[in-house]
$ cat model11.txt   # compact mmCIF, C-alpha atoms
# COMPACT_ATOMS: atom_id res chain seq x y z
CA ASP A 1 -27.68 -34.97 0.91
CA ARG A 2 -27.31 -31.47 2.39
CA GLY A 3 -24.10 -32.26 4.24
CA LYS A 4 -25.07 -35.55 5.91
CA THR A 5 -22.20 -37.32 4.18
CA TRP A 6 -19.16 -36.07 2.30
CA GLU A 7 -16.68 -37.43 -0.22
CA ILE A 8 -13.44 -35.97 -1.60
CA GLN A 9 -13.57 -34.56 -5.12
CA LYS A 10 -10.41 -33.23 -6.75
CA THR A 11 -10.56 -29.89 -8.54
CA ASN A 12 -7.00 -30.13 -9.96
CA ALA A 13 -6.51 -26.59 -8.65
CA PRO A 14 -3.84 -26.69 -5.89
CA LEU A 15 -4.41 -23.16 -4.54
CA PRO A 16 -6.79 -22.64 -1.60
CA LEU A 17 -10.48 -22.21 -2.43
CA HIS A 18 -12.52 -19.89 -0.19
CA GLY A 19 -16.03 -19.80 -1.61
CA LEU A 20 -18.49 -22.29 -3.08
CA HIS A 21 -21.91 -21.57 -4.63
CA PHE A 22 -24.30 -23.88 -6.49
CA GLN A 23 -27.15 -22.67 -8.68
CA ASP A 24 -28.75 -26.11 -8.56
CA SER A 25 -27.66 -29.71 -7.96
CA LYS A 26 -25.37 -29.66 -11.02
CA LYS A 27 -24.07 -26.19 -11.85
CA GLY A 28 -21.75 -24.43 -9.42
CA TRP A 29 -18.69 -22.26 -8.95
CA ALA A 30 -15.69 -22.20 -6.62
CA VAL A 31 -13.48 -19.16 -6.07
CA GLY A 32 -10.06 -18.94 -4.46
CA GLU A 33 -6.58 -17.48 -4.36
CA LEU A 34 -4.85 -15.54 -7.15
CA GLY A 35 -8.09 -14.93 -9.02
CA THR A 36 -9.08 -18.59 -9.34
CA ILE A 37 -12.65 -19.25 -10.53
CA LEU A 38 -13.71 -22.84 -11.22
CA THR A 39 -17.02 -24.06 -12.60
CA THR A 40 -18.75 -27.44 -12.67
CA GLU A 41 -21.72 -28.75 -14.66
CA ASP A 42 -21.96 -32.17 -12.99
CA GLY A 43 -22.33 -31.48 -9.30
CA GLY A 44 -18.59 -31.22 -8.63
CA LYS A 45 -17.43 -34.48 -10.22
CA SER A 46 -15.31 -32.46 -12.65
CA TRP A 47 -14.18 -28.83 -12.69
CA LYS A 48 -13.03 -26.41 -15.38
CA VAL A 49 -10.99 -23.26 -14.95
CA GLN A 50 -13.15 -20.26 -15.81
CA HIS A 51 -10.56 -17.67 -14.77
CA ARG A 52 -7.13 -17.72 -13.18
CA GLY A 53 -4.46 -15.10 -12.58
CA ARG A 54 -1.13 -16.59 -11.55
CA ARG A 55 -0.71 -20.19 -10.46
CA ARG A 56 1.77 -20.00 -7.59
CA SER A 57 3.78 -17.73 -5.31
CA ALA A 58 7.43 -16.95 -6.05
CA VAL A 59 8.28 -16.45 -2.35
CA LEU A 60 6.92 -18.03 0.84
CA VAL A 61 7.56 -16.05 4.05
CA ILE A 62 7.07 -18.27 7.12
CA GLN A 63 6.29 -16.10 10.16
CA SER A 64 6.32 -17.15 13.79
CA GLU A 65 4.42 -14.80 16.12
CA ASP A 66 4.45 -10.99 15.92
CA ASP A 67 7.62 -10.96 13.85
CA ASN A 68 7.21 -9.99 10.24
CA THR A 69 9.14 -9.05 7.15
CA LEU A 70 6.58 -6.68 5.68
CA GLY A 71 9.26 -4.46 4.17
CA THR A 72 10.71 -7.37 2.22
CA ILE A 73 7.25 -8.50 1.12
CA ALA A 74 6.56 -4.95 -0.12
CA HIS A 75 9.94 -4.80 -1.87
CA LEU A 76 9.41 -8.12 -3.65
CA GLY A 77 5.80 -7.36 -4.56
CA ASN A 78 6.14 -3.76 -5.70
CA GLU A 79 9.68 -3.36 -7.00
CA GLU A 80 10.33 -6.90 -8.21
CA SER A 81 6.73 -7.84 -9.07
CA TYR A 82 6.96 -11.24 -7.36
CA LEU A 83 3.91 -12.79 -5.74
CA THR A 84 4.64 -13.40 -2.06
CA THR A 85 2.69 -15.43 0.51
CA GLY A 86 3.19 -15.10 4.27
CA PRO A 87 1.68 -17.83 6.47
CA ARG A 88 2.09 -17.46 10.24
CA ALA A 89 2.95 -20.76 11.89
CA LEU A 90 1.84 -19.80 15.42
CA SER A 91 -1.43 -18.20 16.51
CA PRO A 92 -2.70 -16.56 19.72
CA ASP A 93 -4.39 -18.86 22.23
CA MET A 94 -7.88 -17.41 22.52
CA SER A 95 -8.41 -18.95 25.98
CA SER A 96 -5.64 -16.84 27.53
CA SER A 97 -4.83 -14.01 25.11
CA ALA A 98 -5.95 -10.39 25.43
CA LEU A 99 -9.24 -9.39 23.85
CA ASN A 100 -7.48 -7.33 21.17
CA GLU A 101 -5.98 -10.54 19.75
CA VAL A 102 -9.40 -11.38 18.30
CA GLY A 103 -9.38 -10.88 14.55
CA GLY A 104 -5.61 -11.24 14.33
CA GLU A 105 -5.77 -13.56 11.32
CA SER A 106 -7.95 -11.12 9.38
CA ARG A 107 -5.65 -8.20 10.25
CA LEU A 108 -2.61 -10.17 9.15
CA ALA A 109 -4.19 -11.18 5.83
CA TYR A 110 -5.35 -7.62 5.14
CA ALA A 111 -1.97 -6.12 6.07
CA VAL A 112 -0.08 -8.47 3.76
CA ARG A 113 -2.44 -7.82 0.85
CA LEU A 114 -2.28 -4.06 1.50
CA ILE A 115 1.48 -3.96 0.93
CA GLY A 116 1.44 -6.12 -2.21
CA GLY A 117 1.53 -9.67 -0.85
CA ALA A 118 -0.70 -12.38 -2.24
CA ASN A 119 -2.00 -14.11 0.90
CA SER A 120 -1.44 -14.76 4.59
CA GLU A 121 -3.04 -17.06 7.13
CA MET A 122 -2.49 -18.42 10.64
CA LEU A 123 -2.10 -22.09 11.51
CA TRP A 124 -4.72 -22.64 14.21
CA GLN A 125 -3.09 -25.96 15.18
CA PHE A 126 -0.35 -24.16 17.18
CA PRO A 127 -1.81 -21.60 19.63
CA VAL A 128 0.68 -19.83 21.91
CA SER A 129 -0.66 -19.49 25.45
CA THR A 130 0.29 -16.38 27.41
CA LEU A 131 0.22 -18.55 30.55
CA ALA A 132 3.08 -20.77 29.39
CA ASN A 133 6.71 -20.05 30.26
CA LYS A 134 8.04 -18.06 27.30
CA ASN A 135 11.55 -19.37 27.97
CA SER A 136 10.48 -23.01 27.76
CA ILE A 137 9.42 -24.60 24.50
CA GLN A 138 8.53 -27.72 26.49
CA ASP A 139 5.47 -25.99 27.97
CA HIS A 140 4.12 -25.20 24.53
CA GLN A 141 4.98 -28.62 23.12
CA ARG A 142 3.16 -30.40 25.94
CA GLU A 143 0.02 -28.41 25.18
CA TRP A 144 0.35 -28.97 21.42
CA ASP A 145 0.98 -32.69 21.95
CA ARG A 146 -2.20 -32.82 24.05
CA MET A 147 -4.12 -31.15 21.21
CA HIS A 148 -2.69 -33.59 18.67
CA ARG A 149 -3.24 -36.54 21.04
CA ARG A 150 0.26 -37.98 21.04
CA VAL A 151 3.65 -37.16 22.58
CA GLY A 152 5.93 -35.77 19.89
CA LYS A 153 3.02 -35.31 17.50
CA ALA A 154 3.29 -31.51 17.54
CA THR A 155 6.75 -31.49 15.95
CA GLU A 156 5.65 -33.86 13.21
CA GLN A 157 2.46 -31.86 12.62
CA MET A 158 4.37 -28.57 12.29
CA ILE A 159 6.68 -30.11 9.68
CA ARG A 160 3.65 -31.58 7.90
CA GLN A 161 1.81 -28.23 7.79
CA LEU A 162 4.84 -26.30 6.51
CA THR A 163 5.49 -29.00 3.91
CA LEU A 164 1.87 -28.61 2.84
CA ALA A 165 2.29 -24.83 2.53
CA ILE A 166 5.34 -25.25 0.29
CA ARG A 167 3.53 -27.78 -1.92
CA ILE A 168 0.44 -25.58 -2.20
CA TRP A 169 2.22 -22.32 -3.03
CA ARG A 170 5.27 -23.81 -4.83
CA PRO A 171 7.72 -20.99 -4.07
CA ASN A 172 11.21 -20.58 -5.47
CA VAL A 173 12.44 -18.95 -2.26
CA VAL A 174 11.42 -19.60 1.35
CA LEU A 175 12.11 -16.93 4.01
CA LEU A 176 11.99 -17.50 7.77
CA SER A 177 10.97 -14.14 9.14
CA ALA A 178 12.44 -14.18 12.67
CA GLU A 179 15.97 -14.48 13.96
CA ALA A 180 16.99 -17.94 15.13
CA ASP A 181 17.55 -16.82 18.73
CA ALA A 182 14.40 -14.66 18.96
CA SER A 183 12.49 -17.13 21.19
CA PRO A 184 12.19 -20.89 21.82
CA THR A 185 8.94 -21.04 19.84
CA THR A 186 10.60 -19.31 16.89
CA LYS A 187 13.46 -21.82 17.03
CA PHE A 188 10.85 -24.61 17.00
CA VAL A 189 9.25 -23.18 13.83
CA GLN A 190 12.59 -22.68 12.12
CA ASP A 191 13.77 -26.23 12.82
CA ALA A 192 10.50 -27.53 11.36
CA ALA A 193 10.79 -25.24 8.31
CA LYS A 194 14.28 -26.52 7.51
CA LYS A 195 12.96 -30.09 7.47
CA ALA A 196 9.89 -29.08 5.46
CA PHE A 197 12.16 -27.45 2.87
CA GLU A 198 13.64 -30.92 2.21
CA LYS A 199 10.49 -33.02 2.68
CA ALA A 200 8.40 -30.96 0.26
CA ALA A 201 10.56 -32.30 -2.58
CA ASP A 202 10.37 -35.92 -1.40
CA PRO A 203 7.45 -37.84 -3.01
CA LYS A 204 7.57 -40.35 -0.11
CA ALA A 205 7.04 -37.66 2.53
CA TYR A 206 3.40 -37.20 3.57
CA PRO A 207 2.03 -39.14 0.57
CA GLU A 208 -1.57 -38.25 1.48
CA GLN A 209 -0.86 -34.70 0.31
CA ILE A 210 -0.03 -36.11 -3.12
CA GLU A 211 -2.48 -39.00 -3.41
CA LYS A 212 -5.57 -37.53 -1.71
CA MET A 213 -5.09 -33.79 -2.10
CA GLY A 214 -3.72 -33.89 -5.64
CA LEU A 215 -0.56 -31.90 -4.84
CA SER A 216 2.89 -32.58 -6.25
CA PRO A 217 6.37 -32.68 -4.70
CA TRP A 218 8.05 -29.28 -4.94
CA GLU A 219 11.70 -28.24 -4.80
CA ALA A 220 12.12 -24.72 -3.50
CA THR A 221 15.48 -23.32 -4.61
CA LYS A 222 16.69 -21.31 -1.61
CA LEU A 223 15.98 -21.00 2.11
CA TYR A 224 16.82 -17.82 4.05
CA VAL A 225 16.53 -16.90 7.73
CA LYS A 226 16.18 -13.36 9.06
CA ALA A 227 19.42 -12.10 10.58
CA GLY A 228 20.40 -9.47 13.14
CA LYS A 229 21.13 -5.83 12.32
CA LYS A 230 24.83 -6.41 11.64
CA GLU A 231 24.57 -10.01 10.51
CA GLY A 232 23.49 -11.69 7.30
CA ASN A 233 24.83 -11.19 3.81
CA VAL A 234 21.58 -10.03 2.18
CA ASN A 235 20.23 -6.59 3.02
CA VAL A 236 16.87 -5.15 1.96
CA THR A 237 17.00 -1.37 2.51
CA LEU A 238 13.63 0.11 3.42
CA SER A 239 14.68 3.75 3.74
CA ARG A 240 15.06 4.48 0.03
CA PRO A 241 12.21 5.93 -2.07
CA VAL A 242 10.37 3.69 -4.54
CA ALA A 243 8.99 5.31 -7.69
CA THR A 244 5.96 3.02 -7.99
CA LEU A 245 4.94 3.74 -4.38
CA GLY A 246 5.70 7.44 -4.19
CA SER A 247 7.31 6.87 -0.78
CA THR A 248 9.96 4.81 0.96
CA LEU A 249 9.27 1.15 1.73
CA GLN A 250 9.49 1.99 5.43
CA ASP A 251 6.72 4.61 5.23
CA PHE A 252 4.64 2.37 2.99
CA VAL A 253 4.58 -0.62 5.35
CA THR A 254 4.47 1.22 8.72
CA PRO A 255 0.61 1.35 8.83
CA SER A 256 0.50 -2.41 8.23
CA VAL A 257 3.10 -3.05 10.95
CA SER A 258 0.99 -1.02 13.39
CA MET A 259 -2.12 -2.94 12.34
CA ILE A 260 -0.50 -6.30 13.09
CA LYS A 261 1.12 -5.23 16.37
CA ARG A 262 -2.09 -3.43 17.46
CA LYS A 263 -0.15 -0.31 18.47
CA SER A 264 1.71 2.52 16.79
CA SER A 265 4.91 0.97 15.43
CA SER A 266 7.46 1.90 12.81
CA ALA A 267 8.97 -0.45 10.26
CA PRO A 268 12.77 -0.90 10.50
CA LEU A 269 15.25 0.84 8.20
CA ASN A 270 16.38 -2.48 6.74
CA GLU A 271 15.84 -6.23 6.95
CA ARG A 272 18.76 -8.64 6.70
CA PHE A 273 18.86 -12.34 5.81
CA SER A 274 21.28 -15.27 5.77
CA LEU A 275 21.20 -18.10 3.27
CA ILE A 276 21.00 -21.45 5.09
CA ALA A 277 20.10 -23.85 2.24
CA THR A 278 20.25 -23.75 -1.55
CA ARG A 279 19.87 -26.08 -4.50
CA LEU A 280 21.90 -23.82 -6.76
CA LYS A 281 25.38 -24.98 -7.70
CA SER A 282 26.91 -21.77 -6.37
CA ASN A 283 25.95 -20.01 -3.14
CA GLU A 284 24.06 -17.18 -4.79
CA ASP A 285 22.87 -15.18 -1.81
CA SER A 286 22.53 -11.54 -2.82
CA PRO A 287 19.97 -10.32 -3.63
CA LEU A 288 17.22 -12.69 -2.52
CA MET A 289 16.07 -13.63 -6.01
CA GLN A 290 19.51 -13.90 -7.57
CA GLY A 291 19.82 -17.12 -9.53
CA ILE A 292 16.02 -17.38 -9.88
CA ARG A 293 14.79 -16.91 -13.43
CA LEU A 294 11.07 -16.34 -13.89
CA ALA A 295 9.33 -14.93 -16.94
CA TYR A 296 7.14 -11.96 -15.99
CA ASP A 297 4.32 -13.40 -18.04
CA GLY A 298 4.72 -16.75 -16.30
CA SER A 299 3.01 -18.49 -13.37
CA ALA A 300 4.51 -16.64 -10.37
CA PRO A 301 5.37 -12.96 -11.02
CA ARG A 302 2.95 -10.12 -11.59
CA PRO A 303 3.21 -8.09 -14.81
CA ARG A 304 5.65 -5.26 -14.13
CA PRO A 305 3.98 -1.86 -13.75
CA ARG A 306 4.70 0.84 -16.28
CA LEU A 307 6.21 3.96 -14.79
CA ARG A 308 4.57 7.22 -15.74
CA LEU A 309 6.94 10.14 -16.20
CA LEU A 310 5.88 13.26 -14.33
CA LYS A 311 6.09 16.49 -16.34
CA ASP A 312 7.09 19.76 -14.76
CA ASP A 313 4.25 22.23 -15.35
CA VAL A 314 6.21 25.20 -14.05
$ encode --input "model11.txt" --output "structure tokens"
Amino acid sequence: DRGKTWEIQKTNAPLPLHGLHFQDSKKGWAVGELGTILTTEDGGKSWKVQHRGRRRSAVLVIQSEDDNTLGTIAHLGNEESYLTTGPRALSPDMSSSALNEVGGESRLAYAVRLIGGANSEMLWQFPVSTLANKNSIQDHQREWDRMHRRVGKATEQMIRQLTLAIRIWRPNVVLLSAEADASPTTKFVQDAAKKAFEKAADPKAYPEQIEKMGLSPWEATKLYVKAGKKEGNVNVTLSRPVATLGSTLQDFVTPSVSMIKRKSSSAPLNERFSLIATRLKSNEDSPLMQGIRLAYDGSAPRPRPRLRLLKDDV
């Protein structure tokens, strides 16, 4: 009835859908992440997969604010051929942020795709006001609680949204992209992510995601947090050249870092991580994907590129 009323129809495709087009009242298509194209012949009551690339992301990088791990995303996507998704848990508050913050979500998504990531988005439910005291998480929580209409609701909602992200993308590895002591808001995101890592595997946690949205419980294997320059037991070196890129990882991701930060910025020489949770029997913590076995023709990795040998014409 042209949008007067709506009802939920399951597509059995867990990845996000971004576009919908109907030729008439019966025949239509939906398109979404990782090359997903669905078609229906009965007005959306049932859907068939017309085309699909991969079905999930091998790595989920949870970002906070302007922090990022673009070098690691580029390393995993280009050298290791793993699909990587990078949602940002906090977003700018448009009522108080600078004008150049407009379009931040589009810049972030484009930057992540440009370096070989699969997807990135911002959670609009958690805007960070520039007027709030940066040293006090309570200021932000009060505003978020007001938005979510209940005291303490913001913490629960953050855990719910990160649990949803894990169940949608079904990663083997989850990375938290900022150091634990970077800021109070970052600590808030990291505490929520640790709980989401456990709740995503629990079928009793947020059952509406399973019953209404058609998702399934998901056990990610390992959880890492970004560490300081001399900390952490996993190091991703960005200063070495990569044959498939024709440059170093640092040079490759620097334009994307500048795009996100909205000023000329250079990527770091390395990014370090610490393992804080694992479901492996042994604490396999170096490199990031150690202990993870995925077939390259499977649901998460990309096909590995073939290297072309350069001949000397001299």
$ residues_around --input "model11.txt" --residues "Trp29 (chain A)" --least-positions-apart "4" --cutoff "9 Å" --atoms "all atoms listed in the file" --output "ChimeraX atom specification"
/A:19-23,37-40,44,47
$ atom_distance --input "model11.txt" --atom1 "CA of Leu90 (chain A)" --atom2 "CA of Lys10 (chain A)"
28.7 Å
$ atom_distance --input "model11.txt" --atom1 "CA of Gly104 (chain A)" --atom2 "CA of Thr237 (chain A)"
27.4 Å
$ atom_distance --input "model11.txt" --atom1 "CA of Asp42 (chain A)" --atom2 "CA of Lys26 (chain A)"
4.7 Å
$ residues_around --input "model11.txt" --residues "Glu198 (chain A)" --least-positions-apart "2" --cutoff "10 Å" --atoms "only C-alpha atoms" --output "number ranges by chain"
A: 163, 193-196, 200-202, 205, 218-220, 277
$ write_last_selection --input "model11.txt" --atoms "C-alpha atoms" --output "PDB file, in the coordinates of the input"
ATOM      1  CA  THR A 163       5.490 -29.000   3.910  1.00  0.00           C
ATOM      2  CA  ALA A 193      10.790 -25.240   8.310  1.00  0.00           C
ATOM      3  CA  LYS A 194      14.280 -26.520   7.510  1.00  0.00           C
ATOM      4  CA  LYS A 195      12.960 -30.090   7.470  1.00  0.00           C
ATOM      5  CA  ALA A 196       9.890 -29.080   5.460  1.00  0.00           C
ATOM      6  CA  ALA A 200       8.400 -30.960   0.260  1.00  0.00           C
ATOM      7  CA  ALA A 201      10.560 -32.300  -2.580  1.00  0.00           C
ATOM      8  CA  ASP A 202      10.370 -35.920  -1.400  1.00  0.00           C
ATOM      9  CA  ALA A 205       7.040 -37.660   2.530  1.00  0.00           C
ATOM     10  CA  TRP A 218       8.050 -29.280  -4.940  1.00  0.00           C
ATOM     11  CA  GLU A 219      11.700 -28.240  -4.800  1.00  0.00           C
ATOM     12  CA  ALA A 220      12.120 -24.720  -3.500  1.00  0.00           C
ATOM     13  CA  ALA A 277      20.100 -23.850   2.240  1.00  0.00           C
TER      14      ALA A 277
END
$ residues_near_point --input "model11.txt" --point "(9.2, -20.3, 18.0)" --cutoff "12 Å" --atoms "all atoms listed in the file" --output "short mmCIF file (atom, residue, chain, number, x, y, z; two decimals) with C-alpha atoms, keeping the file's coordinate frame"
data_model
loop_
_atom_site.label_atom_id
_atom_site.label_comp_id
_atom_site.auth_asym_id
_atom_site.auth_seq_id
_atom_site.Cartn_x
_atom_site.Cartn_y
_atom_site.Cartn_z
CA ILE A 62 7.07 -18.27 7.12
CA GLN A 63 6.29 -16.10 10.16
CA SER A 64 6.32 -17.15 13.79
CA GLU A 65 4.42 -14.80 16.12
CA ASP A 66 4.45 -10.99 15.92
CA ASP A 67 7.62 -10.96 13.85
CA ARG A 88 2.09 -17.46 10.24
CA ALA A 89 2.95 -20.76 11.89
CA LEU A 90 1.84 -19.80 15.42
CA SER A 91 -1.43 -18.20 16.51
CA PHE A 126 -0.35 -24.16 17.18
CA PRO A 127 -1.81 -21.60 19.63
CA VAL A 128 0.68 -19.83 21.91
CA LYS A 134 8.04 -18.06 27.30
CA ASN A 135 11.55 -19.37 27.97
CA SER A 136 10.48 -23.01 27.76
CA ILE A 137 9.42 -24.60 24.50
CA GLN A 138 8.53 -27.72 26.49
CA HIS A 140 4.12 -25.20 24.53
CA GLN A 141 4.98 -28.62 23.12
CA THR A 155 6.75 -31.49 15.95
CA MET A 158 4.37 -28.57 12.29
CA LEU A 176 11.99 -17.50 7.77
CA SER A 177 10.97 -14.14 9.14
CA ALA A 178 12.44 -14.18 12.67
CA GLU A 179 15.97 -14.48 13.96
CA ALA A 180 16.99 -17.94 15.13
CA ASP A 181 17.55 -16.82 18.73
CA ALA A 182 14.40 -14.66 18.96
CA SER A 183 12.49 -17.13 21.19
CA PRO A 184 12.19 -20.89 21.82
CA THR A 185 8.94 -21.04 19.84
CA THR A 186 10.60 -19.31 16.89
CA LYS A 187 13.46 -21.82 17.03
CA PHE A 188 10.85 -24.61 17.00
CA VAL A 189 9.25 -23.18 13.83
CA GLN A 190 12.59 -22.68 12.12
CA ASP A 191 13.77 -26.23 12.82
CA ALA A 192 10.50 -27.53 11.36
CA ALA A 193 10.79 -25.24 8.31
#
$ residues_near_point --input "model11.txt" --point "(-13.2, -18.4, -13.8)" --cutoff "10 Å" --atoms "all atoms listed in the file" --output "CSV table (one decimal) with C-alpha atoms, in the coordinates of the input"
chain,number,residue,atom,x,y,z
A,29,TRP,CA,-18.7,-22.3,-9.0
A,30,ALA,CA,-15.7,-22.2,-6.6
A,31,VAL,CA,-13.5,-19.2,-6.1
A,32,GLY,CA,-10.1,-18.9,-4.5
A,35,GLY,CA,-8.1,-14.9,-9.0
A,36,THR,CA,-9.1,-18.6,-9.3
A,37,ILE,CA,-12.6,-19.2,-10.5
A,38,LEU,CA,-13.7,-22.8,-11.2
A,39,THR,CA,-17.0,-24.1,-12.6
A,48,LYS,CA,-13.0,-26.4,-15.4
A,49,VAL,CA,-11.0,-23.3,-15.0
A,50,GLN,CA,-13.2,-20.3,-15.8
A,51,HIS,CA,-10.6,-17.7,-14.8
A,52,ARG,CA,-7.1,-17.7,-13.2
A,53,GLY,CA,-4.5,-15.1,-12.6
$ closest_residue --input "model11.txt" --among "A:Gln9, A:Ser81, A:Thr221, A:Asn235" --to "Gly43 (chain A)" --atoms "only C-alpha atoms"
A:Gln9
$ residues_around --input "model11.txt" --residues "Leu15 (chain A)" --least-positions-apart "4" --cutoff "10 Å" --atoms "only C-alpha atoms" --output "short mmCIF file (atom, residue, chain, number, x, y, z; two decimals) with C-alpha atoms, in the frame of the given file"
data_model
loop_
_atom_site.label_atom_id
_atom_site.label_comp_id
_atom_site.auth_asym_id
_atom_site.auth_seq_id
_atom_site.Cartn_x
_atom_site.Cartn_y
_atom_site.Cartn_z
CA THR A 11 -10.56 -29.89 -8.54
CA GLY A 32 -10.06 -18.94 -4.46
CA GLU A 33 -6.58 -17.48 -4.36
CA LEU A 34 -4.85 -15.54 -7.15
CA THR A 36 -9.08 -18.59 -9.34
CA ARG A 55 -0.71 -20.19 -10.46
CA ARG A 56 1.77 -20.00 -7.59
CA SER A 57 3.78 -17.73 -5.31
CA ALA A 165 2.29 -24.83 2.53
CA ARG A 167 3.53 -27.78 -1.92
CA ILE A 168 0.44 -25.58 -2.20
CA TRP A 169 2.22 -22.32 -3.03
CA ARG A 170 5.27 -23.81 -4.83
CA LEU A 215 -0.56 -31.90 -4.84
#
$ build_atoms --input "model11.txt" --residues "region 135-147 of chain A" --atoms "N, CA, C and O atoms" --output "tab-separated table (two decimals), in the frame of the given file"
chain	number	residue	atom	x	y	z
A	135	ASN	N	10.18	-18.90	28.12
A	135	ASN	CA	11.55	-19.37	27.97
A	135	ASN	C	11.64	-20.89	27.84
A	135	ASN	O	12.73	-21.44	27.79
A	136	SER	N	10.49	-21.55	27.81
A	136	SER	CA	10.48	-23.01	27.76
A	136	SER	C	9.59	-23.49	26.62
A	136	SER	O	8.37	-23.35	26.68
A	137	ILE	N	10.19	-24.05	25.60
A	137	ILE	CA	9.42	-24.60	24.50
A	137	ILE	C	8.67	-25.85	24.95
A	137	ILE	O	7.64	-26.22	24.38
A	138	GLN	N	9.16	-26.48	26.02
A	138	GLN	CA	8.53	-27.72	26.49
A	138	GLN	C	7.09	-27.46	26.93
A	138	GLN	O	6.20	-28.30	26.72
A	139	ASP	N	6.83	-26.30	27.56
A	139	ASP	CA	5.47	-25.99	27.97
A	139	ASP	C	4.53	-25.95	26.78
A	139	ASP	O	3.42	-26.49	26.82
A	140	HIS	N	4.95	-25.30	25.73
A	140	HIS	CA	4.12	-25.20	24.53
A	140	HIS	C	3.96	-26.57	23.86
A	140	HIS	O	2.86	-26.93	23.43
A	141	GLN	N	5.05	-27.32	23.78
A	141	GLN	CA	4.98	-28.62	23.12
A	141	GLN	C	4.06	-29.58	23.86
A	141	GLN	O	3.35	-30.36	23.22
A	142	ARG	N	4.06	-29.53	25.18
A	142	ARG	CA	3.16	-30.40	25.94
A	142	ARG	C	1.71	-30.08	25.60
A	142	ARG	O	0.87	-30.98	25.43
A	143	GLU	N	1.38	-28.80	25.50
A	143	GLU	CA	0.02	-28.41	25.18
A	143	GLU	C	-0.33	-28.80	23.75
A	143	GLU	O	-1.43	-29.30	23.48
A	144	TRP	N	0.61	-28.59	22.81
A	144	TRP	CA	0.35	-28.97	21.42
A	144	TRP	C	0.24	-30.48	21.27
A	144	TRP	O	-0.59	-30.97	20.51
A	145	ASP	N	1.08	-31.23	21.99
A	145	ASP	CA	0.98	-32.69	21.95
A	145	ASP	C	-0.38	-33.15	22.47
A	145	ASP	O	-0.97	-34.10	21.94
A	146	ARG	N	-0.87	-32.47	23.51
A	146	ARG	CA	-2.20	-32.82	24.05
A	146	ARG	C	-3.27	-32.58	22.99
A	146	ARG	O	-4.19	-33.39	22.80
A	147	MET	N	-3.16	-31.46	22.26
A	147	MET	CA	-4.12	-31.15	21.21
A	147	MET	C	-4.07	-32.20	20.10
A	147	MET	O	-5.10	-32.61	19.56
